[in-house]
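Enquirer: Input final_9.cif, format and content: mmCIF, C-alpha atoms and all ligand atoms.
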data_input
#
loop_
_atom_site.label_atom_id
_atom_site.label_comp_id
_atom_site.auth_asym_id
_atom_site.auth_seq_id
_atom_site.Cartn_x
_atom_site.Cartn_y
_atom_site.Cartn_z
CA MET H 132 -0.77 -11.96 -27.64
CA PHE H 133 2.38 -13.62 -26.32
CA LEU H 134 1.86 -15.44 -23.02
CA ILE H 135 4.61 -16.35 -20.57
CA GLU H 136 4.19 -18.84 -17.77
CA CYS H 137 5.39 -17.43 -14.44
CA PRO H 138 6.35 -20.35 -12.13
CA TRP H 139 4.32 -18.68 -9.35
CA CYS H 140 1.46 -16.84 -11.08
CA GLY H 141 0.75 -18.97 -14.16
CA ARG H 142 0.15 -17.66 -17.69
CA ARG H 143 0.28 -13.90 -18.04
CA ASP H 144 0.67 -11.41 -20.85
CA GLN H 145 4.25 -10.65 -21.93
CA GLY H 146 3.77 -6.97 -21.02
CA GLU H 147 4.07 -7.97 -17.36
CA PHE H 148 7.58 -9.39 -17.91
CA SER H 149 11.08 -8.13 -18.62
CA CYS H 150 13.95 -10.15 -20.03
CA GLY H 151 17.26 -10.11 -18.17
CA GLY H 152 19.40 -11.70 -20.90
CA GLU H 153 21.24 -14.99 -20.96
CA ALA H 154 20.92 -17.24 -17.91
CA HIS H 155 23.53 -19.34 -16.12
CA ILE H 156 26.40 -16.87 -16.50
CA VAL H 157 28.61 -17.48 -13.49
CA ARG H 158 30.86 -14.75 -12.15
CA PRO H 159 34.48 -15.98 -12.17
CA ALA H 160 35.56 -17.09 -8.70
CA SER H 161 38.75 -15.00 -8.77
CA PRO H 162 38.47 -12.15 -11.27
CA ASP H 163 42.01 -10.93 -10.45
CA ASP H 164 43.49 -14.06 -12.00
CA LEU H 165 41.79 -13.53 -15.37
CA ASP H 166 43.43 -11.97 -18.40
CA ASP H 167 41.63 -9.18 -20.21
CA GLU H 168 40.26 -11.50 -22.85
CA SER H 169 38.60 -13.89 -20.38
CA TRP H 170 37.18 -10.99 -18.36
CA ALA H 171 35.78 -9.36 -21.49
CA ASP H 172 34.36 -12.73 -22.49
CA TYR H 173 32.56 -12.99 -19.14
CA LEU H 174 31.27 -9.43 -19.36
CA PHE H 175 30.26 -9.04 -22.99
CA ASN H 176 30.19 -12.23 -25.05
CA ARG H 177 26.85 -13.99 -25.24
CA LYS H 178 25.67 -17.08 -27.09
CA ASN H 179 23.03 -15.52 -29.36
CA PRO H 180 21.86 -18.84 -30.83
CA LYS H 181 19.34 -19.42 -33.59
CA GLY H 182 17.16 -21.83 -31.63
CA VAL H 183 16.54 -22.47 -27.95
CA HIS H 184 18.19 -19.93 -25.65
CA LEU H 185 18.26 -20.09 -21.84
CA GLU H 186 17.24 -16.69 -20.50
CA GLN H 187 16.49 -14.87 -17.25
CA TRP H 188 13.03 -13.32 -17.04
CA VAL H 189 11.36 -11.31 -14.28
CA HIS H 190 7.62 -10.99 -13.62
CA ILE H 191 8.17 -7.33 -12.94
CA GLN H 192 4.54 -6.12 -12.95
CA GLY H 193 3.28 -9.23 -11.14
CA CYS H 194 5.02 -11.06 -8.32
CA GLY H 195 8.40 -9.45 -9.06
CA ARG H 196 10.26 -12.76 -9.05
CA TRP H 197 13.10 -13.83 -11.35
CA PHE H 198 13.02 -17.19 -13.11
CA ASN H 199 14.58 -18.86 -16.13
CA ALA H 200 12.97 -19.60 -19.46
CA ALA H 201 14.15 -21.65 -22.44
CA ARG H 202 12.94 -19.67 -25.45
CA ASN H 203 13.27 -20.49 -29.11
CA THR H 204 14.67 -17.33 -30.69
CA VAL H 205 13.21 -18.23 -34.09
CA SER H 206 9.62 -19.05 -33.18
CA ASN H 207 9.49 -17.14 -29.84
CA LYS H 208 8.02 -20.32 -28.38
CA ILE H 209 8.95 -20.87 -24.73
CA VAL H 210 9.99 -24.50 -24.39
CA SER H 211 10.00 -24.49 -20.60
CA VAL H 212 10.27 -22.28 -17.51
CA TYR H 213 12.16 -23.24 -14.38
CA LYS H 214 13.10 -21.56 -11.12
CA VAL H 215 16.43 -19.93 -10.35
CA GLY H 216 18.80 -22.59 -9.03
CA GLU H 217 17.05 -25.39 -10.89
CA GLU H 218 18.68 -27.36 -13.68
CA PRO H 219 17.93 -26.23 -17.23
CA PRO H 220 15.63 -28.50 -19.24
CA HIS H 221 17.11 -31.64 -20.74
CA PRO H 222 18.93 -30.94 -24.03
CA GLU H 223 16.47 -33.21 -25.85
CA LYS H 224 13.78 -30.67 -25.06
CA ARG H 225 15.94 -27.82 -26.25
CA LYS H 226 15.72 -28.78 -29.92
CA PRO H 227 13.79 -26.21 -31.91
CA VAL H 228 10.12 -27.14 -32.00
CA PRO H 229 8.88 -27.16 -35.61
CA GLU H 230 6.07 -24.71 -36.13
CA SER H 231 2.82 -26.22 -37.31
CA GLY H 232 2.19 -25.86 -41.02
CA GLN H 233 5.87 -25.91 -41.97
CA MET Q 182 0.59 22.84 10.70
CA SER Q 183 -2.35 20.60 11.44
CA ASP Q 184 -2.71 16.99 10.29
CA SER Q 185 -5.54 17.83 7.95
CA THR Q 186 -3.26 19.88 5.73
CA LEU Q 187 -0.64 17.13 5.64
CA LEU Q 188 -3.06 14.37 4.76
CA GLN Q 189 -4.21 14.95 1.19
CA SER Q 190 -6.12 12.44 -0.90
CA PRO Q 191 -4.26 11.22 -4.01
CA LEU Q 192 -7.36 12.10 -6.04
CA ILE Q 193 -7.62 15.66 -4.70
CA GLU Q 194 -7.76 17.07 -8.25
CA LEU Q 195 -10.87 15.03 -9.02
CA GLU Q 196 -12.62 15.71 -5.75
CA LYS Q 197 -14.99 18.64 -5.76
CA SER Q 198 -16.04 18.09 -2.20
CA GLY Q 199 -15.58 15.14 0.07
CA ARG Q 200 -14.16 11.88 -1.20
CA PHE Q 201 -13.70 10.97 -4.83
CA GLN Q 202 -16.62 9.17 -6.43
CA TRP Q 203 -18.06 8.76 -9.89
CA VAL Q 204 -21.48 7.22 -10.27
CA GLY Q 205 -22.89 6.02 -13.59
CA ASP Q 206 -25.91 3.82 -14.38
CA THR Q 207 -24.03 0.53 -14.26
CA ILE Q 208 -20.63 1.45 -12.81
CA GLU Q 209 -19.54 3.19 -9.63
CA LEU Q 210 -16.06 4.38 -8.70
CA HIS Q 211 -15.13 5.31 -5.15
CA GLN Q 212 -11.81 5.95 -3.51
CA SER Q 213 -10.84 4.58 -0.09
CA PRO Q 214 -7.88 6.79 0.80
CA PHE Q 215 -5.81 6.76 4.00
CA MET Q 216 -6.05 3.03 4.60
CA GLY Q 217 -3.20 1.19 6.31
CA HIS Q 218 -0.92 -0.71 3.91
CA ILE Q 219 1.89 -2.85 5.32
CA ARG Q 220 4.22 -4.86 3.11
CA ILE Q 221 5.27 -8.01 4.92
CA ARG Q 222 8.26 -10.06 3.80
CA GLY Q 223 9.23 -13.37 5.33
CA ASP Q 224 9.87 -17.03 4.76
CA LEU Q 225 6.76 -19.16 4.25
CA SER Q 226 8.74 -22.29 5.13
CA SER Q 227 9.35 -20.93 8.65
CA PRO Q 228 6.52 -22.26 10.90
CA LEU Q 229 7.24 -19.54 13.47
CA PHE Q 230 6.82 -16.76 10.90
CA VAL Q 231 3.48 -18.11 9.67
CA GLU Q 232 2.20 -18.83 13.17
CA LYS Q 233 3.04 -15.39 14.58
CA ILE Q 234 1.62 -13.48 11.61
CA GLU Q 235 -1.58 -15.49 11.88
CA GLN Q 236 -1.74 -14.87 15.64
CA ALA Q 237 -1.22 -11.14 15.30
CA THR Q 238 -3.77 -10.71 12.51
CA ALA Q 239 -6.17 -13.58 13.37
CA LEU Q 240 -6.14 -14.45 9.66
CA PRO Q 241 -4.54 -17.29 7.67
CA LEU Q 242 -1.51 -16.25 5.62
CA PRO Q 243 -2.32 -16.95 1.93
CA ALA Q 244 0.28 -19.34 0.53
CA SER Q 245 -0.24 -19.15 -3.22
CA CYS Q 246 -0.82 -16.73 -6.07
CA GLY Q 247 -4.16 -14.92 -5.91
CA GLY Q 248 -4.79 -15.77 -2.26
CA VAL Q 249 -6.59 -13.24 -0.06
CA SER Q 250 -7.65 -13.61 3.59
CA PHE Q 251 -10.57 -11.40 4.55
CA GLY Q 252 -11.11 -10.29 8.15
CA GLU Q 253 -13.49 -7.89 9.85
CA ASP Q 254 -11.46 -4.75 9.20
CA LEU Q 255 -8.25 -6.06 7.73
CA LYS Q 256 -7.11 -8.37 4.95
CA ILE Q 257 -3.94 -10.09 3.79
CA ILE Q 258 -3.19 -10.27 0.07
CA TRP Q 259 -0.57 -12.54 -1.54
CA ILE Q 260 1.98 -10.53 -3.55
CA SER Q 261 4.81 -12.99 -4.18
CA PRO Q 262 6.08 -16.25 -2.60
CA GLU Q 263 7.67 -14.19 0.17
CA GLU Q 264 5.66 -10.99 0.23
CA TRP Q 265 2.17 -10.01 1.39
CA LEU Q 266 0.13 -6.82 1.67
CA LEU Q 267 -1.63 -6.38 5.00
CA VAL Q 268 -4.46 -3.88 4.62
CA LEU Q 269 -5.95 -2.10 7.64
CA SER Q 270 -9.05 0.10 7.70
CA SER Q 271 -7.04 3.15 8.74
CA GLU Q 272 -3.50 4.43 8.43
CA SER Q 273 -3.59 5.28 12.14
CA ARG Q 274 -3.60 1.55 13.02
CA VAL Q 275 -0.34 0.84 11.19
CA GLY Q 276 2.11 1.80 13.93
CA SER Q 277 0.62 -0.43 16.61
CA MET Q 278 0.24 -3.34 14.18
CA ILE Q 279 3.89 -3.15 13.11
CA ASP Q 280 4.94 -2.97 16.78
CA ARG Q 281 2.83 -6.04 17.51
CA LEU Q 282 4.32 -7.99 14.61
CA LYS Q 283 7.88 -6.94 15.44
CA THR Q 284 7.56 -7.95 19.08
CA ARG Q 285 6.24 -11.40 18.17
CA LEU Q 286 8.84 -12.00 15.49
CA GLU Q 287 11.95 -10.64 17.13
CA GLY Q 288 15.11 -12.19 15.72
CA GLU Q 289 13.34 -13.61 12.64
CA HIS Q 290 14.48 -12.72 9.11
CA ILE Q 291 11.53 -10.49 8.23
CA ALA Q 292 10.63 -7.00 7.02
CA PHE Q 293 7.61 -4.76 7.54
CA VAL Q 294 7.27 -1.64 5.41
CA ASP Q 295 4.56 0.95 5.91
CA THR Q 296 3.48 1.90 2.37
CA SER Q 297 0.24 3.62 3.42
CA GLY Q 298 1.40 7.05 2.27
CA GLY Q 299 2.38 5.73 -1.17
CA GLN Q 300 -0.73 3.79 -2.08
CA THR Q 301 -4.45 4.24 -2.43
CA VAL Q 302 -7.49 2.09 -3.20
CA ILE Q 303 -10.08 2.71 -5.90
CA ARG Q 304 -13.23 0.59 -5.62
CA VAL Q 305 -15.03 -0.33 -8.84
CA SER Q 306 -18.50 -1.79 -8.57
CA GLY Q 307 -21.65 -2.28 -10.59
CA GLU Q 308 -22.97 -4.72 -13.17
CA ASN Q 309 -20.53 -3.47 -15.84
CA ALA Q 310 -17.44 -3.37 -13.58
CA ILE Q 311 -15.84 -6.30 -15.42
CA SER Q 312 -16.47 -4.74 -18.85
CA LEU Q 313 -14.84 -1.55 -17.66
CA LEU Q 314 -11.72 -3.18 -16.21
CA SER Q 315 -11.39 -5.49 -19.22
CA ARG Q 316 -10.74 -2.43 -21.36
CA GLY Q 317 -7.50 -1.83 -19.50
CA THR Q 318 -6.03 -5.25 -18.75
CA THR Q 319 -5.20 -8.55 -20.43
CA LEU Q 320 -6.43 -10.54 -17.40
CA ASP Q 321 -9.63 -12.52 -17.80
CA LEU Q 322 -11.76 -11.11 -14.99
CA HIS Q 323 -14.80 -13.32 -15.55
CA GLU Q 324 -15.52 -15.05 -12.27
CA SER Q 325 -14.98 -18.50 -13.78
CA GLN Q 326 -11.32 -17.47 -14.24
CA PHE Q 327 -10.84 -14.75 -11.65
CA LEU Q 328 -12.49 -16.20 -8.59
CA VAL Q 329 -14.46 -14.16 -6.08
CA GLY Q 330 -12.12 -13.51 -3.16
CA SER Q 331 -8.97 -13.74 -5.25
CA SER Q 332 -6.41 -11.21 -6.45
CA ALA Q 333 -3.81 -10.56 -9.15
CA GLN Q 334 -1.14 -7.94 -9.64
CA SER Q 335 -0.97 -6.84 -13.25
CA ILE Q 336 -1.10 -3.84 -15.55
CA LEU Q 337 -4.36 -1.89 -15.63
CA PHE Q 338 -4.63 1.09 -17.98
CA GLY Q 339 -0.83 1.22 -18.04
CA ALA Q 340 -0.31 1.28 -14.26
CA THR Q 341 0.83 -1.50 -11.96
CA VAL Q 342 -2.30 -2.39 -10.03
CA LEU Q 343 -3.19 -5.08 -7.53
CA ILE Q 344 -6.75 -6.16 -8.35
CA VAL Q 345 -8.92 -7.84 -5.69
CA ARG Q 346 -12.36 -9.30 -6.40
CA VAL Q 347 -14.19 -8.69 -3.16
CA ASN Q 348 -17.81 -9.75 -2.84
CA SER Q 349 -19.79 -12.69 -4.15
CA ASN Q 350 -22.60 -10.69 -5.67
CA HIS Q 351 -22.93 -11.90 -9.27
CA SER Q 352 -24.94 -9.00 -10.62
CA THR Q 353 -22.87 -6.24 -9.04
CA PRO Q 354 -19.26 -7.37 -8.62
CA LEU Q 355 -16.92 -5.26 -6.52
CA PHE Q 356 -13.23 -4.86 -7.24
CA GLU Q 357 -10.57 -3.08 -5.22
CA LEU Q 358 -7.67 -1.57 -7.14
CA TYR Q 359 -4.50 -0.99 -5.12
CA CYS Q 360 -2.19 1.41 -6.91
CA ARG Q 361 0.58 3.89 -6.25
CA ARG Q 362 -0.75 7.31 -5.33
CA SER Q 363 1.23 8.95 -8.13
CA PHE Q 364 -0.65 6.78 -10.68
CA ALA Q 365 -4.05 7.15 -9.00
CA ASP Q 366 -5.15 10.35 -10.72
CA ASP Q 367 -4.30 9.02 -14.19
CA LEU Q 368 -5.91 5.66 -13.43
CA ALA Q 369 -9.10 7.29 -12.13
CA ARG Q 370 -9.37 9.55 -15.20
CA ARG Q 371 -8.90 6.60 -17.54
CA LEU Q 372 -11.52 4.62 -15.62
CA ILE Q 373 -13.97 7.51 -15.91
CA ASP Q 374 -13.27 7.97 -19.64
CA SER Q 375 -13.81 4.27 -20.32
CA ALA Q 376 -16.87 4.07 -18.07
CA GLN Q 377 -18.53 6.83 -20.08
CA LEU Q 378 -18.22 4.68 -23.21
CA ILE Q 379 -20.06 1.76 -21.62
CA LYS Q 380 -23.80 2.00 -21.89
ZN ZN R 401 4.64 -14.06 -11.13
#
In structure tokens, write the structure found in this file.
Expert:
Amino acid sequence: MFLIECPWCGRRDQGEFSCGGEAHIVRPASPDDLDDESWADYLFNRKNPKGVHLEQWVHIQGCGRWFNAARNTVSNKIVSVYKVGEEPPHPEKRKPVPESGQ
Amino acid sequence: MSDSTLLQSPLIELEKSGRFQWVGDTIELHQSPFMGHIRIRGDLSSPLFVEKIEQATALPLPASCGGVSFGEDLKIIWISPEEWLLVLSSESRVGSMIDRLKTRLEGEHIAFVDTSGGQTVIRVSGENAISLLSRGTTLDLHESQFLVGSSAQSILFGATVLIVRVNSNHSTPLFELYCRRSFADDLARRLIDSAQLIK
């Protein structure tokens, strides 16, 4: 069972959550000034790292609130959760956490 | 058309006569239909909002996850950091309560939504109530983890359900399940099926 820590409700089963993709994507201040390539980059291109990824999650079956999570895409381990508007965790903490036994 | 034909219990298919109930040796299921359900949204950091809600309901507004305030014939259940469910004993009391809240909170950034028609309550009680519910949820409902008088919204037998642990009776716990009326029939059937497997 994969548990996710909601900042408001605590640890709950992953079935209560939905992922909303990469976090911290900022809409360009003046879209009219962008060329097609930059606009497409904003719309479609995502980081897709092998390692810690900053993502938006929503506790859809619980309190219904959005928050951010730093998740290791290799181990599925969630390094930290933080509220919308808060700073992402320090880069030191974003290094992949070695799995025990490796 | 009279009111009695408009007001139909969500578990009408399971009701032979009167209100829905299923009684086993160690588990009982009852429905409490037609209660008043009001969704309140507002800002907990606004002292006026908290004060006026507490005045109008004579109950403290729960501030954190799992909080429930129990009154004589109403309760307030925490849903999210800015949302609460106010439960009244009857749907007929909803209009006057919303009027009362609106008058007191005029000009505030708030919302009251009457969801009475869209929700129902199934009460699960008996010594094996926790065993039954545990078959349909990942929550740990043992009272050391899920305190008497607390609540949680989660998935129960596939439906989104707000679970409230009501009384303090250790041998026969009582839970209230708040669910959408369109899920109620399925939820009740799954509860009955699972209850029949528990001896
Ligand atoms: Zn939550």
Enquirer: List as a list in words the protein and nucleic acid residues near region 199-209 of chain Q, meaning an atom at most 7 Å away when all atoms listed in the file are counted, but skip any in the same chain fewer than 4 places from it.
Expert: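 Once the nearby chain positions are removed, what remains is Leu192, Leu195, Val305, Ser306, Gly307, Glu308, Asn309, Ala310 and Ala376 of chain Q.
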Enquirer: Put those residues in a file: C-alpha atoms, as a compact mmCIF listing (two decimals), in the coordinates of the input.
Expert:
# COMPACT_ATOMS: atom_id res chain seq x y z
CA LEU Q 192 -7.36 12.10 -6.04
CA LEU Q 195 -10.87 15.03 -9.02
CA VAL Q 305 -15.03 -0.33 -8.84
CA SER Q 306 -18.50 -1.79 -8.57
CA GLY Q 307 -21.65 -2.28 -10.59
CA GLU Q 308 -22.97 -4.72 -13.17
CA ASN Q 309 -20.53 -3.47 -15.84
CA ALA Q 310 -17.44 -3.37 -13.58
CA ALA Q 376 -16.87 4.07 -18.07
Enquirer: So how many Å separate CA of Leu372 (chain Q) and CA of Ile219 (chain Q), to one decimal?
Expert: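 Separation between CA of Leu372 (chain Q) and CA of Ile219 (chain Q): 26.0 Å.
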Enquirer: Please identify the residues whose atoms come within 6 Å of ligand ZN 401 (chain R), using all atoms listed in the file, and report them as number ranges by chain.
Expert: H: 137, 139-140, 190, 193-194
Enquirer: At a cut-off of 7 Å, can you tabulate as a Markdown table every residue of chain Q near chain H together with its closest atom pair and the distance in Å to one decimal, using all atoms listed in the file and ordering rows by chain then number?
Expert:
| residue | atom | partner | partner_atom | distance |
| --- | --- | --- | --- | --- |
| Q:Cys246 | CA | H:Cys140 | CA | 5.5 |
| Q:Ile260 | CA | H:Cys194 | CA | 5.7 |
| Q:Ser261 | CA | H:Cys194 | CA | 4.6 |
| Q:Thr319 | CA | H:Asp144 | CA | 6.5 |
| Q:Gln334 | CA | H:Gly193 | CA | 4.8 |
| Q:Ser335 | CA | H:Gly193 | CA | 5.3 |
| Q:Ile336 | CA | H:Gln192 | CA | 6.6 |
| Q:Thr341 | CA | H:Gln192 | CA | 6.0 |
Enquirer: Which residues are close to region 350-364 of chain Q, i.e. within 7 Å by all atoms listed in the file, leaving aside same-chain residues fewer than 4 positions away? Reply as a ChimeraX atom specification.
Expert: /Q:191,299-308,310,340-346,368
Enquirer: One decimal, Å: what's the distance from CA of Ser312 (chain Q) over to CA of Ser297 (chain Q), could you say?
Expert: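 Spanning CA of Ser312 (chain Q) to CA of Ser297 (chain Q) is a straight-line distance of 29.1 Å.
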Enquirer: Quick one, how far is CA of Leu269 (chain Q) from CA of Gly317 (chain Q)?
Expert: 27.2 Å
Enquirer: Quick one: of Q:Ser270, Q:Gly247, Q:Phe293, Q:Ile234, who's nearest to Arg222 (chain Q), counting all atoms listed in the file?
Expert: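 Going through Q:Ser270, Q:Gly247, Q:Phe293, Q:Ile234 one by one, the smallest distance to Arg222 (chain Q) is for Q:Phe293.
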Enquirer: Compare H:Arg158, H:His221, H:Arg202, H:Lys208 by their minimum atom-to-atom distance to Gln187 (chain H), counting all atoms listed in the file, and give me the closest one.
Expert: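 Looking only at the distances to Gln187 (chain H), the closest residue turns out to be H:Arg202.
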Enquirer: Skip Pro138 (chain H) itself and residues of its chain fewer than 3 positions away, then list as a VMD selection string all residues within 8 Å of it, counting only C-alpha atoms.
Expert: chain H and resid 141 198 212 to 214
